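Asker: Here's a structure for you.
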Amino acid sequence: MKLHGLLTTLVNLEKSHIPKCWNWINDAKVIRHMSGPFVTTYRGELKWFREMQNNKNNRVFAILDKETGTHIGNLGLEDISRYHKKATYGLIIGEKKYWNKGYGTDATRIALRYAFKRLKLNKVSLTVFPENKGGIKVYQRAGFKKVGRLKKDVKVRGKFQDTIFMEVMAEDFLTNKSWRPQISTL
């Protein structure tokens, strides 16, 4: 499956993408805003990939630069509930030269359109650390809204940290004309 945006193309995450994933998950700068704990062995990363691939309640995509085909990151719709029509969203742009250039926003918009049009979900939510200003901007530009703060929600490197809870509803996303034309049709 290929889903196209202005800057990015989403494809199913494949085994051939794992070497880059493993490098990113072992790069402290790339994962500094993620809660972990993370696998540090290549074998462990392959195990994670197989588990994700076999779980029907997850959709994990590789993010490619649309122009060059370079694998720049991953995103996922996880814990998909067909009954409740909702999922949890996650994003990593592992190639640092693609940071702050709109690739995360473009990929997120494509994923949300897929979630709402193809999977017929009603809501997609996520949590993000308050200090992850770049991530928050990406999510807000894609249509997510802050709906709460969870105090001392997760333990990261030995300390409890707050997280911001964000969500986007299908009706809000699909009726907002400011970003709809920028997303490919499915």
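By order in the structure tokens, chains are A, B, ...; within a chain, residues start at 1; ligands start at 1, following the order shown.
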Using DSSP secondary structure from the backbone, list all strand (DSSP E or B) positions within chain A, as number ranges by chain.
Answerer: A: 2-5, 8-12, 59-65, 71-81, 86-93, 123-128, 145-156, 159-169, 183
Asker: Going by DSSP on the backbone, which residues of region 33-183 of chain A come out as alpha helix (DSSP H)? List them as a ChimeraX atom specification.
Answerer: /A:42-54,103-113,133-142,170-175
Asker: Would you mind exporting the chosen residues as a compact mmCIF listing (two decimals), in the first residue's frame, restricted to C-alpha atoms?
Answerer:
```
# COMPACT_ATOMS: atom_id res chain seq x y z
CA TYR A 42 19.14 -5.68 16.29
CA ARG A 43 17.52 -9.00 17.17
CA GLY A 44 15.17 -7.17 19.54
CA GLU A 45 14.21 -4.70 16.82
CA LEU A 46 13.37 -7.60 14.48
CA LYS A 47 11.21 -9.13 17.22
CA TRP A 48 9.36 -5.79 17.62
CA PHE A 49 8.82 -5.67 13.84
CA ARG A 50 7.36 -9.19 13.75
CA GLU A 51 5.04 -8.43 16.67
CA MET A 52 3.81 -5.23 15.00
CA GLN A 53 3.35 -7.01 11.69
CA ASN A 54 1.32 -9.81 13.29
CA TYR A 103 7.61 16.18 6.63
CA GLY A 104 6.14 15.13 9.98
CA THR A 105 3.03 17.25 9.44
CA ASP A 106 2.54 15.95 5.91
CA ALA A 107 2.93 12.31 7.00
CA THR A 108 0.58 12.84 9.95
CA ARG A 109 -2.10 14.31 7.70
CA ILE A 110 -1.84 11.33 5.35
CA ALA A 111 -2.13 8.91 8.30
CA LEU A 112 -5.18 10.73 9.67
CA ARG A 113 -6.91 10.73 6.32
CA LYS A 133 7.59 21.77 21.14
CA GLY A 134 8.33 20.58 17.59
CA GLY A 135 6.13 17.51 17.99
CA ILE A 136 3.28 19.55 19.45
CA LYS A 137 3.45 21.94 16.47
CA VAL A 138 3.35 19.02 14.03
CA TYR A 139 0.32 17.53 15.73
CA GLN A 140 -1.54 20.84 15.98
CA ARG A 141 -0.88 21.67 12.32
CA ALA A 142 -2.29 18.27 11.40
CA ALA A 170 -12.93 12.61 12.27
CA GLU A 171 -15.62 15.26 11.82
CA ASP A 172 -13.18 18.08 12.65
CA PHE A 173 -10.40 16.74 10.45
CA LEU A 174 -12.56 15.93 7.44
CA THR A 175 -14.38 19.28 7.44
```
Asker: Considering only C-alpha atoms, can you say which of A:Asn12, A:Glu67, A:Lys146, A:Leu119 comes closest to Arg82 (chain A)?
Answerer: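 Closest residue, counting only C-alpha atoms: A:Leu119.
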Asker: List the neighbours of Cys21 (chain A) out to 8 Å using only C-alpha atoms; skip same-chain residues closer than 3 positions along the sequence, and give me the result as an NGL selection string.
Answerer: :A and (17-18 or 24-25 or 45 or 73 or 94)
